Amino acid sequence: NVRMWEHPATQANMATLKQRGVLVVEPDEGPMACGEYGPGRLAEPPVILAAIEATLNDGPLKGRHIIVTSGPTHEPIDPVRYMANRSSGKQGHAIAGALAALGANVTLISGPVSIPDPPGVITRHVETAREMRDAVQAALPADAAICAAAVADWRVESADQKLKKDGSGQPPALALSENPDILAALSVPGPNRPQLVVGFAAETEKLTEHATAKRARKGCDWLVANNVGGTGIMGGDENEILLITDAGVESWERMNKSEVAARLAERVGAFFA
Ligand code: CTP
């Protein structure tokens with residue numbers, strides 16, 4: 001139950017257990033039999049199984065903590081409307097699952113998506129860019145961070161009440177302000193910087209040029225670039241990417257998002273090996 005779980009006594013006991021090295025399968029978030037809502041549901045058996053497998057797994061990422069962001073963010077306009085984008089979360093979620101399969105402890109910070117949480121991964125659900133930033137900060141420290149989320153660049157100065165037509169025929173002006181850049185903040189050198197920071201670039205033209213510039217601007221180590229202008233990438237099951245690292249630009253053939261995820265996870269494994 002959410003209240004029992006969030007009670008300071010329970011949290012203090014959990015902290016003690018974690019300090020002693022006990023591995024915790026966190027409760028699921030959702031509606032409970034008693035009618036309350038929040039973290040307090042028994043984790044699904046596949047999630048428990050995946051956690052056991054990850055513990056016994058001697059994969060190359062064993063003992064590494066990796067943060068993955070995924071999905072879009074929703075920026076409220078008023079209590080009933082929001083601004084969003086077409087990201088489905090499929091690529092980010094697949095990456096989180098692939099890293100866990102190689103033994104990593106993965107914290108997935110997901111914007112609103114309609115796909116299930118990947119098994120074997122701790123998933124935190126957020127709505128806005130600022131909530132995503134806070135959840136990423138709270139999940140640090142980490143060995144690596146992979147920012148696959150399509151974070152909204154701007155947020156709207158949200159109205160407290162539903163915006164109404166005023167009869168003048170004039171649409172309301174939406175005042176936008178820039179959202180915090182989660183990837184750029186993670187990439188700033190310092191004691192909390194993950195050893196490997198991977199960004200994504202969603203571009204609709206001049207892919208290599210824009211993505212190379214974006215990697216330098218954001219300060220991340222690797223950048224996965226995809227052309228989202230074409231059909232079937234954003235929201236689809238396949239992806240066609242460029243991987244930009246210090247060593248240069250690699251072009252990967254079009255493949256399923258789960259294959260992209262597995263290959264990228266292998267590369268992360270090789271990095272830490
Ligand atoms: N990103 C982020 N926080 C933001 C915006 C973007 O963490 N507020 C991250 C994304 O998760 C992605 C990378 O930055 O890893 C690039 O996102 P993208 O939308 O392609 O780039 P922008 O920062 O929006 O740059 P531009 O407007 O030039 O396309």
# chains A, B, ... in the order shown; residues from 1 in each chain; ligands from 1
>>> residues_near_ligand(ligand="ligand 1", cutoff="6 Å", atoms="only C-alpha atoms and all ligand atoms", output="MDAnalysis selection string")
chainID A and resid 147:153 179:183 199:202
>>> residues_around(residues="Glu53 of chain A", least_positions_apart="6", cutoff="10 Å", atoms="only C-alpha atoms", output="short mmCIF file (atom, residue, chain, number, x, y, z; two decimals) with all heavy atoms, in the first residue's frame")
data_model
loop_
_atom_site.label_atom_id
_atom_site.label_comp_id
_atom_site.auth_asym_id
_atom_site.auth_seq_id
_atom_site.Cartn_x
_atom_site.Cartn_y
_atom_site.Cartn_z
N VAL A 47 8.84 -9.20 -13.68
CA VAL A 47 9.76 -8.17 -13.18
C VAL A 47 10.64 -8.76 -12.08
O VAL A 47 11.86 -8.54 -12.03
CB VAL A 47 8.96 -6.95 -12.67
CG1 VAL A 47 9.89 -5.94 -12.01
CG2 VAL A 47 8.18 -6.31 -13.81
N ALA A 100 19.57 -3.98 -19.18
CA ALA A 100 19.27 -4.85 -18.03
C ALA A 100 19.63 -6.29 -18.37
O ALA A 100 20.14 -7.03 -17.52
CB ALA A 100 17.80 -4.72 -17.65
N ALA A 101 19.40 -6.69 -19.61
CA ALA A 101 19.71 -8.06 -20.01
C ALA A 101 21.21 -8.33 -19.96
O ALA A 101 21.63 -9.48 -19.86
CB ALA A 101 19.17 -8.32 -21.42
N LEU A 102 22.01 -7.27 -20.02
CA LEU A 102 23.47 -7.44 -19.90
C LEU A 102 23.93 -7.25 -18.46
O LEU A 102 25.11 -7.07 -18.18
CB LEU A 102 24.20 -6.47 -20.83
CG LEU A 102 24.00 -6.69 -22.33
CD1 LEU A 102 24.93 -5.77 -23.13
CD2 LEU A 102 24.26 -8.14 -22.74
N GLY A 103 22.96 -7.20 -17.54
CA GLY A 103 23.32 -7.19 -16.12
C GLY A 103 23.28 -5.83 -15.45
O GLY A 103 23.54 -5.72 -14.25
N GLY A 120 12.56 -6.01 -15.36
CA GLY A 120 13.94 -5.99 -14.87
C GLY A 120 14.53 -4.60 -14.75
O GLY A 120 15.74 -4.45 -14.57
#
>>> closest_atom_pairs(of="segment 9-126 of chain A", to="segment 158-170 of chain A", cutoff="7 Å", atoms="only C-alpha atoms", output="Markdown table")
| residue | atom | partner | partner_atom | distance |
| --- | --- | --- | --- | --- |
| A:Pro76 | CA | A:Ser158 | CA | 5.9 |
| A:Ile77 | CA | A:Ser158 | CA | 4.6 |
| A:Asp78 | CA | A:Ala159 | CA | 4.6 |
| A:Pro79 | CA | A:Lys162 | CA | 5.8 |
| A:Val80 | CA | A:Lys162 | CA | 6.6 |
>>> residues_around(residues="segment 239-250 of chain A", least_positions_apart="2", cutoff="9 Å", atoms="only C-alpha atoms", output="list in words")
Gln91, Leu207, Thr208, Ala211, Thr212, Arg215, Asp221, Trp222, Leu223, Val224, Ala225, Asn226, Asn227, Gly232, Ile233, Met234, Gly236, Asp237, Trp252, Glu253, Arg254, Met255, Asn256, Lys257 and Val260 of chain A
>>> write_last_selection(atoms="N, CA, C and O atoms", output="short mmCIF file (atom, residue, chain, number, x, y, z; two decimals), in the first residue's frame")
data_model
loop_
_atom_site.label_atom_id
_atom_site.label_comp_id
_atom_site.auth_asym_id
_atom_site.auth_seq_id
_atom_site.Cartn_x
_atom_site.Cartn_y
_atom_site.Cartn_z
N GLN A 91 12.08 3.08 -28.60
CA GLN A 91 13.53 2.93 -28.66
C GLN A 91 14.16 3.02 -27.27
O GLN A 91 14.98 2.19 -26.91
N LEU A 207 21.45 15.48 -41.51
CA LEU A 207 21.59 14.64 -40.32
C LEU A 207 22.99 14.68 -39.71
O LEU A 207 23.16 14.98 -38.53
N THR A 208 24.02 14.36 -40.52
CA THR A 208 25.38 14.26 -39.98
C THR A 208 25.84 15.62 -39.44
O THR A 208 26.38 15.71 -38.33
N ALA A 211 23.81 16.64 -36.30
CA ALA A 211 24.06 15.74 -35.17
C ALA A 211 25.47 15.93 -34.62
O ALA A 211 25.68 15.89 -33.40
N THR A 212 26.44 16.15 -35.51
CA THR A 212 27.81 16.38 -35.05
C THR A 212 27.87 17.67 -34.23
O THR A 212 28.50 17.72 -33.17
N ARG A 215 26.24 17.09 -30.80
CA ARG A 215 27.10 16.35 -29.86
C ARG A 215 28.07 17.32 -29.17
O ARG A 215 28.26 17.27 -27.96
N ASP A 221 29.19 12.14 -24.81
CA ASP A 221 30.28 11.34 -25.37
C ASP A 221 29.90 10.72 -26.71
O ASP A 221 30.65 10.76 -27.67
N TRP A 222 28.72 10.09 -26.72
CA TRP A 222 28.23 9.49 -27.96
C TRP A 222 26.92 10.17 -28.32
O TRP A 222 26.19 10.65 -27.44
N LEU A 223 26.62 10.16 -29.61
CA LEU A 223 25.33 10.69 -30.02
C LEU A 223 24.71 9.74 -31.06
O LEU A 223 25.38 9.31 -32.00
N VAL A 224 23.48 9.36 -30.79
CA VAL A 224 22.74 8.51 -31.72
C VAL A 224 21.81 9.43 -32.50
O VAL A 224 20.96 10.09 -31.91
N ALA A 225 22.02 9.48 -33.82
CA ALA A 225 21.23 10.42 -34.62
C ALA A 225 20.24 9.67 -35.47
O ALA A 225 20.59 8.65 -36.08
N ASN A 226 19.03 10.12 -35.52
CA ASN A 226 18.10 9.53 -36.49
C ASN A 226 17.30 10.58 -37.22
O ASN A 226 17.05 11.66 -36.71
N ASN A 227 16.97 10.21 -38.44
CA ASN A 227 16.20 11.11 -39.29
C ASN A 227 14.73 10.84 -39.01
O ASN A 227 14.20 9.79 -39.37
N GLY A 232 7.72 6.29 -40.63
CA GLY A 232 7.88 5.02 -39.91
C GLY A 232 8.94 4.99 -38.83
O GLY A 232 9.11 3.98 -38.17
N ILE A 233 9.70 6.08 -38.62
CA ILE A 233 10.72 6.03 -37.57
C ILE A 233 10.09 6.45 -36.23
O ILE A 233 10.02 5.65 -35.30
N MET A 234 9.60 7.69 -36.17
CA MET A 234 9.01 8.15 -34.91
C MET A 234 7.68 7.44 -34.71
O MET A 234 6.76 7.58 -35.52
N GLY A 236 7.32 4.27 -34.97
CA GLY A 236 7.36 2.99 -35.68
C GLY A 236 8.22 1.97 -34.95
O GLY A 236 8.72 2.21 -33.85
N ASP A 237 8.42 0.79 -35.59
CA ASP A 237 9.17 -0.28 -34.96
C ASP A 237 10.61 -0.35 -35.43
O ASP A 237 11.41 -1.11 -34.89
N TRP A 252 24.41 2.80 -39.28
CA TRP A 252 23.85 1.45 -39.09
C TRP A 252 22.70 1.27 -40.06
O TRP A 252 21.89 2.20 -40.26
N GLU A 253 22.60 0.07 -40.63
CA GLU A 253 21.51 -0.17 -41.57
C GLU A 253 20.17 -0.13 -40.83
O GLU A 253 20.14 -0.26 -39.61
N ARG A 254 19.10 0.04 -41.59
CA ARG A 254 17.78 0.09 -40.96
C ARG A 254 17.50 -1.25 -40.29
O ARG A 254 17.72 -2.30 -40.88
N MET A 255 17.07 -1.22 -39.05
CA MET A 255 16.77 -2.47 -38.34
C MET A 255 15.70 -2.21 -37.29
O MET A 255 15.34 -1.06 -37.03
N ASN A 256 15.22 -3.28 -36.69
CA ASN A 256 14.22 -3.19 -35.65
C ASN A 256 14.78 -2.41 -34.45
O ASN A 256 15.96 -2.51 -34.15
N LYS A 257 13.91 -1.67 -33.77
CA LYS A 257 14.38 -0.88 -32.62
C LYS A 257 14.98 -1.77 -31.53
O LYS A 257 15.90 -1.35 -30.82
N VAL A 260 18.55 -2.37 -32.62
CA VAL A 260 19.36 -1.18 -32.35
C VAL A 260 19.72 -1.16 -30.86
O VAL A 260 20.87 -0.93 -30.48
#
>>> closest_residue(among="A:Arg81, A:Leu174, A:Val121, A:Leu42", to="Glu157 of chain A", atoms="only C-alpha atoms")
A:Leu174
>>> residues_around(residues="Ser177 of chain A", least_positions_apart="5", cutoff="8 Å", atoms="only C-alpha atoms", output="ChimeraX atom specification")
/A:154-157
>>> select_by_dssp(residues="segment 139-186 of chain A", states="helix (DSSP H, G or I)", output="list in words")
Ala139, Ile182, Leu183, Ala184, Ala185 and Leu186 of chain A
>>> atom_distance(atom1="atom CA of Thr69 of chain A", atom2="atom CA of Leu17 of chain A")
27.1 Å
>>> residues_around(residues="Ala51 of chain A", least_positions_apart="6", cutoff="12 Å", atoms="only C-alpha atoms", output="PyMOL selection string")
chain A and resi 23-26+43-45+57+62+97+100-106+118-122
>>> atom_distance(atom1="atom CA of Ala129 of chain A", atom2="atom CA of Pro72 of chain A")
8.8 Å
